[in-house]
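Student: Data file model_1.txt (compact mmCIF, C-alpha atoms and all ligand atoms) is appended below.
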# COMPACT_ATOMS: atom_id res chain seq x y z
CA MET A 1 133.52 95.13 -22.81
CA ARG A 2 135.25 91.81 -23.33
CA GLU A 3 134.02 88.55 -22.00
CA LEU A 4 135.85 85.28 -21.48
CA VAL A 5 134.54 81.93 -20.34
CA VAL A 6 136.87 79.56 -18.52
CA ASN A 7 135.49 76.14 -19.40
CA LEU A 8 136.26 73.60 -16.71
CA LYS A 9 134.73 70.20 -16.16
CA ASP A 10 132.73 70.96 -13.02
CA HIS A 11 132.79 74.71 -12.64
CA SER A 12 133.01 76.94 -15.67
CA TYR A 13 132.93 80.65 -14.97
CA LYS A 14 132.85 83.98 -16.72
CA ILE A 15 135.31 86.84 -16.69
CA TYR A 16 134.02 90.28 -17.59
CA ILE A 17 136.56 92.94 -18.52
CA GLU A 18 135.03 96.41 -18.62
CA ASN A 19 136.11 99.93 -17.78
CA ASN A 20 134.23 101.17 -14.68
CA ILE A 21 132.66 97.79 -13.97
CA LEU A 22 133.32 98.52 -10.26
CA TYR A 23 130.31 100.83 -10.26
CA ASN A 24 128.12 98.05 -11.49
CA VAL A 25 129.21 94.98 -9.59
CA ALA A 26 125.83 93.86 -8.25
CA SER A 27 124.22 93.55 -11.65
CA TYR A 28 126.81 90.92 -12.61
CA ILE A 29 126.90 89.12 -9.28
CA LYS A 30 123.12 88.73 -9.32
CA ASP A 31 123.52 86.22 -12.15
CA VAL A 32 125.53 83.81 -10.02
CA TYR A 33 124.59 84.54 -6.41
CA LYS A 34 121.03 84.62 -5.08
CA ASN A 35 121.50 84.96 -1.30
CA ASP A 36 121.38 88.20 0.63
CA LYS A 37 124.78 88.72 2.24
CA VAL A 38 128.27 89.34 0.84
CA PHE A 39 131.64 89.76 2.56
CA ILE A 40 134.35 91.80 0.86
CA ILE A 41 137.96 91.03 1.71
CA THR A 42 140.38 93.76 0.71
CA ASP A 43 143.60 95.48 1.82
CA ASP A 44 144.00 98.92 3.40
CA LYS A 45 145.36 100.58 0.26
CA VAL A 46 142.68 99.23 -2.07
CA ALA A 47 140.01 99.91 0.57
CA ASN A 48 140.90 103.62 0.51
CA LEU A 49 140.54 103.72 -3.24
CA TYR A 50 137.71 101.38 -4.15
CA LEU A 51 135.87 99.85 -1.19
CA ASP A 52 133.18 102.54 -1.06
CA ILE A 53 132.49 102.26 -4.77
CA VAL A 54 132.08 98.51 -4.63
CA LYS A 55 130.10 98.64 -1.40
CA LYS A 56 127.69 101.19 -2.83
CA SER A 57 127.23 99.14 -5.96
CA LEU A 58 126.35 96.09 -3.86
CA GLU A 59 124.20 97.70 -1.17
CA LYS A 60 121.23 98.06 -3.47
CA ASP A 61 120.89 94.29 -3.60
CA TYR A 62 122.83 92.82 -0.68
CA LYS A 63 123.79 93.25 2.94
CA VAL A 64 127.49 94.03 2.78
CA ASP A 65 130.24 93.53 5.34
CA TYR A 66 134.01 93.58 4.90
CA VAL A 67 137.42 92.63 6.33
CA ILE A 68 140.49 94.75 5.67
CA ILE A 69 144.04 93.38 5.87
CA LYS A 70 147.34 95.20 5.60
CA ASN A 71 148.58 95.51 2.03
CA GLY A 72 151.62 93.65 0.74
CA GLU A 73 153.12 90.17 0.44
CA GLU A 74 153.82 90.15 4.23
CA SER A 75 150.10 89.59 4.68
CA LYS A 76 150.09 86.28 2.82
CA THR A 77 150.58 84.41 6.08
CA LEU A 78 148.88 81.93 8.34
CA THR A 79 148.35 84.74 10.87
CA THR A 80 146.42 86.89 8.39
CA TYR A 81 144.53 83.83 7.17
CA ALA A 82 143.43 83.15 10.76
CA TYR A 83 142.56 86.82 11.25
CA ILE A 84 140.30 86.85 8.19
CA CYS A 85 138.52 83.64 9.23
CA GLU A 86 138.02 84.96 12.76
CA GLU A 87 136.62 88.28 11.53
CA LEU A 88 134.26 86.55 9.10
CA LEU A 89 132.99 84.22 11.82
CA LYS A 90 132.53 87.15 14.22
CA LYS A 91 130.46 88.81 11.52
CA ASP A 92 128.40 85.63 11.34
CA ILE A 93 129.31 84.48 7.87
CA ARG A 94 127.38 81.39 6.72
CA ARG A 95 128.45 78.73 4.25
CA ASN A 96 125.94 79.94 1.66
CA ASN A 97 127.23 83.53 1.75
CA LEU A 98 129.62 85.00 -0.78
CA ILE A 99 133.18 86.25 -0.39
CA ILE A 100 134.39 88.95 -2.74
CA ALA A 101 138.15 89.33 -3.10
CA LEU A 102 138.82 92.98 -3.94
CA GLY A 103 142.50 93.72 -4.46
CA GLY A 104 145.78 92.51 -5.91
CA GLY A 105 147.20 89.01 -6.03
CA VAL A 106 147.78 88.89 -2.29
CA VAL A 107 144.13 89.55 -1.47
CA GLY A 108 143.12 87.18 -4.27
CA ASP A 109 145.34 84.32 -3.12
CA ILE A 110 144.52 84.55 0.57
CA SER A 111 140.79 85.19 0.11
CA GLY A 112 140.58 82.30 -2.32
CA PHE A 113 142.29 80.09 0.24
CA VAL A 114 139.84 81.20 2.92
CA ALA A 115 136.99 80.49 0.49
CA SER A 116 138.42 77.04 -0.23
CA SER A 117 138.66 76.05 3.41
CA LEU A 118 136.13 77.93 5.55
CA PHE A 119 133.15 75.57 5.97
CA ARG A 120 135.10 73.28 3.60
CA GLY A 121 134.47 75.75 0.84
CA ILE A 122 132.24 78.75 0.20
CA PRO A 123 131.66 80.65 -3.07
CA TYR A 124 133.79 83.62 -4.02
CA VAL A 125 134.02 86.24 -6.74
CA GLY A 126 137.30 87.87 -7.72
CA ILE A 127 137.62 91.58 -8.39
CA PRO A 128 141.34 91.93 -9.11
CA THR A 129 142.64 95.50 -9.02
CA SER A 130 146.36 95.29 -9.76
CA LEU A 131 147.66 94.72 -13.27
CA LEU A 132 149.32 91.51 -12.14
CA ALA A 133 146.13 90.14 -10.65
CA GLN A 134 144.00 91.21 -13.61
CA MET A 135 146.07 89.66 -16.35
CA ASP A 136 147.20 86.60 -14.46
CA SER A 137 146.37 85.51 -10.93
CA SER A 138 142.63 86.17 -11.17
CA ILE A 139 142.11 83.05 -13.26
CA GLY A 140 143.23 79.52 -12.80
CA GLY A 141 141.98 78.88 -9.29
CA LYS A 142 145.32 78.69 -7.54
CA THR A 143 144.99 80.07 -4.02
CA GLY A 144 147.32 80.03 -1.07
CA ILE A 145 149.69 81.63 1.38
CA ASP A 146 153.44 81.66 2.02
CA PHE A 147 154.79 79.49 4.81
CA TYR A 148 158.14 78.21 6.07
CA ASN A 149 159.81 80.83 3.88
CA ARG A 150 158.32 79.16 0.83
CA LYS A 151 155.98 80.87 -1.63
CA ASN A 152 152.41 79.58 -1.90
CA ILE A 153 153.30 76.41 -0.05
CA LEU A 154 149.92 76.10 1.71
CA GLY A 155 147.04 76.35 -0.67
CA ALA A 156 144.26 74.80 -2.68
CA PHE A 157 142.65 74.89 -6.08
CA LYS A 158 139.45 76.88 -5.80
CA GLN A 159 137.72 78.35 -8.82
CA PRO A 160 135.77 81.60 -8.43
CA LEU A 161 132.10 81.94 -9.36
CA MET A 162 132.98 84.88 -11.56
CA VAL A 163 135.73 87.45 -12.11
CA LEU A 164 135.12 91.15 -12.71
CA ILE A 165 137.98 93.21 -14.10
CA ASP A 166 138.00 96.99 -14.25
CA PRO A 167 141.09 98.08 -16.23
CA LYS A 168 140.55 101.66 -14.96
CA THR A 169 141.91 100.61 -11.56
CA ILE A 170 145.34 100.17 -13.14
CA GLU A 171 145.58 103.97 -13.31
CA SER A 172 146.08 104.26 -9.55
CA LEU A 173 148.98 101.78 -9.38
CA ASP A 174 152.39 103.26 -8.66
CA GLU A 175 155.06 102.74 -11.30
CA ARG A 176 156.75 99.82 -9.59
CA GLU A 177 153.47 97.92 -9.19
CA PHE A 178 152.54 98.59 -12.78
CA ASN A 179 155.89 97.32 -14.04
CA ASN A 180 155.57 94.33 -11.74
CA GLY A 181 152.39 93.36 -13.57
CA MET A 182 154.19 93.85 -16.86
CA GLY A 183 156.59 91.07 -15.83
CA GLU A 184 153.81 88.49 -16.11
CA LEU A 185 152.28 90.15 -19.15
CA ILE A 186 155.60 89.92 -20.97
CA LYS A 187 155.75 86.27 -19.93
CA HIS A 188 152.35 85.53 -21.45
CA GLY A 189 153.48 87.12 -24.71
CA ALA A 190 156.79 85.25 -24.64
CA ILE A 191 155.27 81.79 -24.11
CA GLY A 192 152.13 82.02 -26.19
CA ASN A 193 151.33 85.20 -28.07
CA LYS A 194 154.08 86.80 -30.14
CA LYS A 195 151.72 89.54 -31.41
CA LEU A 196 150.97 90.58 -27.83
CA LEU A 197 154.69 90.59 -27.02
CA ASP A 198 155.46 92.75 -30.06
CA LEU A 199 152.73 95.21 -29.11
CA LEU A 200 154.21 95.69 -25.64
CA TYR A 201 157.40 97.25 -27.10
CA SER A 202 155.33 100.33 -27.94
CA LYS A 203 154.36 100.82 -24.26
CA PRO A 204 150.62 100.83 -25.04
CA ASN A 205 147.92 101.79 -22.57
CA ILE A 206 146.61 98.64 -20.95
CA THR A 207 143.19 98.24 -22.51
CA GLU A 208 140.39 95.71 -22.14
CA ASP A 209 141.78 94.03 -25.27
CA ILE A 210 145.31 93.60 -23.89
CA ILE A 211 144.02 92.06 -20.68
CA TYR A 212 141.78 89.81 -22.75
CA GLU A 213 144.70 88.62 -24.89
CA SER A 214 146.85 87.95 -21.85
CA LEU A 215 144.13 86.03 -20.03
CA SER A 216 143.45 84.04 -23.18
CA VAL A 217 146.99 82.63 -23.08
CA LYS A 218 146.34 81.43 -19.54
CA LYS A 219 142.80 80.24 -20.21
CA ARG A 220 143.98 77.93 -23.00
CA VAL A 221 146.26 75.93 -20.73
CA VAL A 222 144.10 76.10 -17.59
CA GLU A 223 141.23 74.53 -19.51
CA ILE A 224 143.22 71.54 -20.64
CA ASP A 225 145.12 71.12 -17.39
CA GLU A 226 143.19 72.56 -14.43
CA PHE A 227 145.42 71.00 -11.78
CA ASP A 228 148.80 71.94 -13.18
CA LEU A 229 150.10 68.52 -14.12
CA ASN A 230 151.10 69.09 -17.74
CA GLU A 231 150.41 71.92 -20.20
CA ARG A 232 149.63 74.44 -17.49
CA MET A 233 153.22 74.21 -16.35
CA THR A 234 154.17 76.37 -19.32
CA LEU A 235 152.87 79.30 -17.27
CA ASN A 236 155.76 78.62 -14.92
CA PHE A 237 158.22 79.99 -17.44
CA GLY A 238 160.53 82.20 -15.39
CA HIS A 239 159.01 80.96 -12.13
CA THR A 240 161.30 78.05 -11.27
CA PHE A 241 164.22 80.42 -10.80
CA GLY A 242 161.91 83.33 -10.00
CA HIS A 243 160.53 81.68 -6.90
CA ALA A 244 164.04 80.80 -5.77
CA ILE A 245 165.02 84.48 -5.66
CA GLU A 246 161.67 86.17 -4.91
CA LEU A 247 161.57 85.79 -1.15
CA LYS A 248 165.33 85.47 -0.77
CA TYR A 249 166.04 88.94 -2.16
CA GLY A 250 162.65 90.54 -1.56
CA TYR A 251 161.65 91.04 -5.19
CA LYS A 252 158.05 91.49 -6.16
CA HIS A 253 156.56 88.54 -8.00
CA GLY A 254 156.62 90.00 -11.52
CA GLU A 255 160.15 91.34 -10.95
CA ALA A 256 161.38 87.92 -9.91
CA VAL A 257 159.67 86.38 -12.93
CA ALA A 258 161.48 88.84 -15.19
CA ILE A 259 164.85 87.79 -13.79
CA GLY A 260 163.75 84.15 -13.82
CA MET A 261 162.92 84.39 -17.53
CA LEU A 262 166.42 85.61 -18.32
CA MET A 263 167.91 82.75 -16.29
CA ALA A 264 165.69 80.18 -18.01
CA ILE A 265 166.58 81.56 -21.44
CA LYS A 266 170.31 81.22 -20.65
CA MET A 267 169.79 77.65 -19.49
CA GLY A 268 167.68 76.81 -22.53
CA ILE A 269 170.38 78.20 -24.82
CA ASP A 270 173.05 76.13 -23.03
CA LEU A 271 170.94 73.01 -23.53
CA GLY A 272 170.44 73.80 -27.21
CA ILE A 273 166.66 74.19 -26.81
CA THR A 274 166.16 77.95 -26.85
CA ASP A 275 167.08 79.93 -29.91
CA LYS A 276 169.94 82.30 -29.05
CA SER A 277 168.03 85.20 -30.61
CA CYS A 278 165.47 85.14 -27.72
CA TYR A 279 167.72 86.66 -25.08
CA LYS A 280 168.20 90.22 -26.34
CA PRO A 281 164.52 91.07 -27.08
CA ILE A 282 163.45 89.82 -23.65
CA LEU A 283 166.28 91.70 -21.95
CA ASP A 284 165.29 94.83 -23.90
CA ILE A 285 161.64 94.67 -22.92
CA ILE A 286 162.46 93.98 -19.29
CA ARG A 287 164.59 97.13 -19.31
CA LEU A 288 161.88 99.08 -21.13
CA TYR A 289 159.56 98.49 -18.17
CA ASN A 290 162.26 99.16 -15.59
CA LEU A 291 162.14 95.60 -14.32
CA PRO A 292 165.31 94.32 -12.65
CA ASP A 293 167.80 92.92 -15.14
CA LYS A 294 170.27 91.73 -12.57
CA ILE A 295 171.98 88.61 -13.82
CA TYR A 296 172.06 85.67 -11.44
CA ASP A 297 173.86 82.58 -12.72
CA TYR A 298 171.19 79.91 -13.10
CA LYS A 299 173.76 77.23 -12.23
CA ASP A 300 173.95 78.56 -8.65
CA TYR A 301 170.23 77.83 -8.21
CA LEU A 302 169.89 74.41 -9.79
CA THR A 303 170.30 72.62 -6.47
CA ASP A 304 167.71 74.87 -4.79
CA VAL A 305 165.14 74.28 -7.46
CA PHE A 306 165.73 70.57 -7.51
CA TYR A 307 164.22 70.35 -4.08
CA ASP A 308 161.33 72.61 -4.93
CA LYS A 309 157.83 71.25 -5.47
CA LYS A 310 158.40 70.70 -9.16
CA ASN A 311 160.75 67.84 -8.46
CA ILE A 312 158.76 64.81 -9.57
CA ALA A 313 160.60 61.50 -9.05
CA GLY A 314 164.11 62.79 -9.57
CA THR A 315 163.35 65.01 -12.54
CA ILE A 316 162.60 68.69 -12.87
CA ARG A 317 160.28 69.93 -15.54
CA PHE A 318 161.63 73.18 -16.86
CA ILE A 319 159.86 75.49 -19.22
CA PHE A 320 162.02 76.77 -22.04
CA LEU A 321 161.24 79.11 -24.89
CA THR A 322 161.96 77.51 -28.21
CA LYS A 323 161.48 80.84 -29.97
CA LEU A 324 159.61 84.02 -29.06
CA GLY A 325 155.91 83.21 -28.58
CA GLU A 326 156.50 79.46 -28.20
CA CYS A 327 157.70 77.27 -25.40
CA MET A 328 158.03 73.67 -24.32
CA ILE A 329 158.16 71.55 -21.19
CA TYR A 330 161.48 69.75 -20.82
CA LYS A 331 162.11 67.02 -18.28
CA ILE A 332 165.63 67.00 -17.00
CA THR A 333 167.28 64.64 -14.50
CA GLU A 334 169.90 65.52 -11.93
CA LYS A 335 172.37 63.38 -13.88
CA GLU A 336 171.72 65.29 -17.11
CA ILE A 337 172.17 68.59 -15.30
CA LYS A 338 175.55 67.45 -13.95
CA GLU A 339 176.71 66.12 -17.30
CA LYS A 340 175.54 68.93 -19.53
CA LEU A 341 175.56 72.07 -17.40
CA LEU A 342 177.82 71.94 -14.37
N1 LIG B 401 147.16 82.54 -7.92
C1 LIG B 401 147.89 82.75 -8.98
O1 LIG B 401 147.71 82.11 -10.02
C2 LIG B 401 148.96 83.80 -8.94
C3 LIG B 401 149.62 84.17 -10.13
C4 LIG B 401 150.55 85.20 -10.07
C5 LIG B 401 150.82 85.82 -8.86
N2 LIG B 401 150.17 85.41 -7.74
C6 LIG B 401 150.46 86.05 -6.44
O2 LIG B 401 150.03 87.40 -6.51
C7 LIG B 401 150.81 88.17 -5.59
C8 LIG B 401 151.27 89.41 -6.27
O3 LIG B 401 150.17 90.14 -6.73
P1 LIG B 401 150.17 91.72 -6.73
O4 LIG B 401 151.38 92.22 -7.41
O5 LIG B 401 148.85 92.17 -7.19
O6 LIG B 401 150.42 92.03 -5.18
P2 LIG B 401 149.56 92.84 -4.07
O7 LIG B 401 148.24 92.24 -3.90
O8 LIG B 401 150.47 92.93 -2.90
O9 LIG B 401 149.38 94.26 -4.73
C9 LIG B 401 150.49 95.08 -4.88
C10 LIG B 401 150.27 96.45 -4.22
O10 LIG B 401 149.41 97.21 -5.03
C11 LIG B 401 148.32 97.69 -4.25
N3 LIG B 401 147.21 97.80 -5.17
C12 LIG B 401 146.42 96.82 -5.67
N4 LIG B 401 145.56 97.33 -6.55
C13 LIG B 401 145.80 98.67 -6.61
C14 LIG B 401 145.26 99.73 -7.36
N5 LIG B 401 144.31 99.54 -8.26
N6 LIG B 401 145.74 100.97 -7.14
C15 LIG B 401 146.74 101.19 -6.26
N7 LIG B 401 147.31 100.23 -5.53
C16 LIG B 401 146.84 98.98 -5.71
C17 LIG B 401 148.17 96.72 -3.11
O11 LIG B 401 147.56 97.32 -2.02
C18 LIG B 401 149.62 96.37 -2.85
O12 LIG B 401 150.22 97.36 -2.04
C19 LIG B 401 151.94 87.29 -5.13
O13 LIG B 401 151.72 86.86 -3.83
C20 LIG B 401 151.91 86.12 -6.11
O14 LIG B 401 152.39 84.91 -5.54
C21 LIG B 401 149.25 84.44 -7.76
ZN ZN B 402 153.42 84.25 -11.56
For the file at hand, write its structure as structure tokens.
Ligand SMILES: NC(=O)c1ccc[n+]([C@@H]2O[C@H](COP(=O)([O-])OP(=O)(O)OC[C@H]3O[C@@H](n4cnc5c(N)ncnc54)[C@H](O)[C@@H]3O)[C@@H](O)[C@H]2O)c1
Ligand SMILES: [Zn+2]
Tutor:
Amino acid sequence: MRELVVNLKDHSYKIYIENNILYNVASYIKDVYKNDKVFIITDDKVANLYLDIVKKSLEKDYKVDYVIIKNGEESKTLTTYAYICEELLKKDIRRNNLIIALGGGVVGDISGFVASSLFRGIPYVGIPTSLLAQMDSSIGGKTGIDFYNRKNILGAFKQPLMVLIDPKTIESLDEREFNNGMGELIKHGAIGNKKLLDLLYSKPNITEDIIYESLSVKKRVVEIDEFDLNERMTLNFGHTFGHAIELKYGYKHGEAVAIGMLMAIKMGIDLGITDKSCYKPILDIIRLYNLPDKIYDYKDYLTDVFYDKKNIAGTIRFIFLTKLGECMIYKITEKEIKEKLL
């Protein structure tokens, strides 16, 4: 078992990483939630696999109800958000009840957003089940849905009461979903933990320790910059271009991040920031995990990203690797882009 505390000013919380923790959920939740009713939000695929286990583990101590949505990114919409709220209200949810988000990043993001807004905020616990959600999206408190063909454009910061991670659930992911999670795991190694990155070349089993190391990279920056104004932006490595292509070409999040990392490395090399030696090892590891290595010219997307949310007063803050395991935030103006890159 590994344990991690995310220390935030007003709402610190614990993350427990333990094989088979799903069978033992109530004993952890009891520490942070004293009322009698819980509402699980999950998707149809995860429900088939794990809902009964989690329900059984909770029923000893709580009244349990649930809402099931369709699996996949297509569910991260206003319509599904409204559906969840309606179902919860029909089931007589109260503001002092608990929501449990059981599923991948989609369930996590939309349930967190419901928890941030229903009754102006109700407590929630995350039980992430996909690799991507376990090693990344389960911490940091970013919640939201897609809207107007833009990723995560409606959302809120909402920290969970607790996160419970069962690495055993990774075993039921299909290969594409597993590799998708590897996209973000590789990113965490690339920006902040060279040892972790090196380890991934051996295609290790994803253990409690690997998830712990990956989350630790994120924890470090979330703690110093909860609201994503400075250091936390380093987690966006590969995302500026990644988001530009994710919905456009229908890539999964981790796949788009993989491509986005290659684009950002090229741009960093052209600007003289990124060491040239970074490109090949990242390309190699992306191929090792069968992630898409399609090359899009970053220059074709500079205009798109300039109008994205990261455009603060005429500058974009890009994240570039300096070398493997280290990165920096670089502010660039439209003028500099035109002079140096186009
Ligand atoms: N909030 C954040 O900080 C943050 C960070 C990264 C990504 N995200 C978001 O997360 C989403 C992607 O997450 P995801 O890849 O988990 O997507 P997802 O939730 O759609 O899960 C992917 C698929 O795997 C299935 N699945 C989940 N757990 C499973 C398991 N244990 N066994 C078998 N199948 C399982 C799901 O039903 C789904 O079909 C994106 O919307 C992205 O924007 C959020
Ligand atoms: Zn991401």
Student: Which is closest to ligand ZN 402 (chain B) among A:Val217, A:Ile84, A:Met1, A:Ala256, if we use all atoms listed in the file?
Tutor: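 Answer, going by the shortest atom-to-atom distance: A:Ala256.
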Student: For ligand LIG 401 (chain B), return the neighbouring residues as number ranges by chain (distance at most 6 Å; all atoms listed in the file).
Tutor: A: 43, 45-46, 71-73, 103-107, 109, 129-130, 132-133, 136-137, 140, 142-143, 169-170, 172-173, 177, 253
Student: So the first atom is CA of Cys85 in chain A and the second is CA of Leu118 in chain A; what is the distance between them in Å, to one decimal place?
Tutor: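 Those two atoms sit 7.2 Å apart.
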Student: Grab me every residue within 7 Å of ligand ZN 402 (chain B), counting all atoms listed in the file, and send it over as a list of chain:residue names.
Tutor: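 Based on all atoms listed in the file, ligand ZN 402 (chain B) is surrounded within 7 Å by A:Glu184, A:Asn236, A:His239, A:His253, A:Gly254, A:Val257.
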Student: Applying 10 Å and all atoms listed in the file, which residues near Arg95 in chain A remain after dropping the ones on its own chain fewer than 5 positions away? List them as a list in words.
Tutor: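 That gives Ala115, Leu118, Phe119, Arg120, Gly121, Ile122 and Pro123 of chain A.
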Student: What is the distance, in Å and to one decimal place, between CA of Cys327 in chain A and CA of Gly112 in chain A?
Tutor: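 That distance, rounded to one decimal, is 29.2 Å.
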Student: Would you compute the distance between CA of Phe306 in chain A and CA of Lys331 in chain A? Give it in Å to one decimal.
Tutor: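 So the two atoms, CA of Phe306 in chain A and CA of Lys331 in chain A, lie 11.9 Å apart.
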Student: Between A:Val125, A:Ala26, A:Leu321, A:Leu288, single out the one closest to Lys203 in chain A, counting only C-alpha atoms.
Tutor: A:Leu288
Student: Excluding Lys276 in chain A and residues on its chain fewer than 3 positions from it, collect all residues at most 10 Å away from it, counting only C-alpha atoms, and give them as a VMD selection string.
Tutor: chain A and resid 265 to 266 268 to 270 272 to 273 279 to 280 322 to 323
Student: At a cut-off of 12 Å, using all atoms listed in the file, what residues contact Asp209 in chain A? Leave out same-chain residues fewer than 2 positions from it and give the result as JSON, numbers by chain.
Tutor: {"A": [1, 2, 3, 4, 16, 17, 18, 19, 135, 165, 167, 196, 199, 204, 205, 206, 207, 211, 212, 213, 214, 215, 216]}
Student: Give me the residues near Ile286 in chain A as a VMD selection string, where near means some atom within 8 Å (using all atoms listed in the file) and where sequence neighbours in that chain fewer than 6 positions away do not count.
Tutor: chain A and resid 183 258 292 to 293
Student: Restricting the calculation to all atoms listed in the file: of A:Val67, A:Val222, A:Leu78, A:Ile329, which residue gets closest to Lys90 in chain A?
Tutor: A:Val67
Student: Can you work out which one of A:Leu324, A:Leu200, A:Val163, A:Ile337 has the shortest atom-to-atom distance to Ile29 in chain A, counting all atoms listed in the file?
Tutor: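 Residue with the minimum atom-to-atom distance to Ile29 in chain A: A:Val163.
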Student: Near Glu336 in chain A, within 12 Å and counting all atoms listed in the file, which residues show up once chain neighbours fewer than 6 positions away are dropped, as a VMD selection string?
Tutor: chain A and resid 271 302 314 to 316 330 342
Student: Go through A:Pro160, A:Gly325, A:Gly242, A:Gly192 one by one, measure the shortest atom-to-atom distance of each to Met261 in chain A using only C-alpha atoms, and give the residue with the smallest value.
Tutor: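 Counting only C-alpha atoms, the residue closest to Met261 in chain A is A:Gly242.
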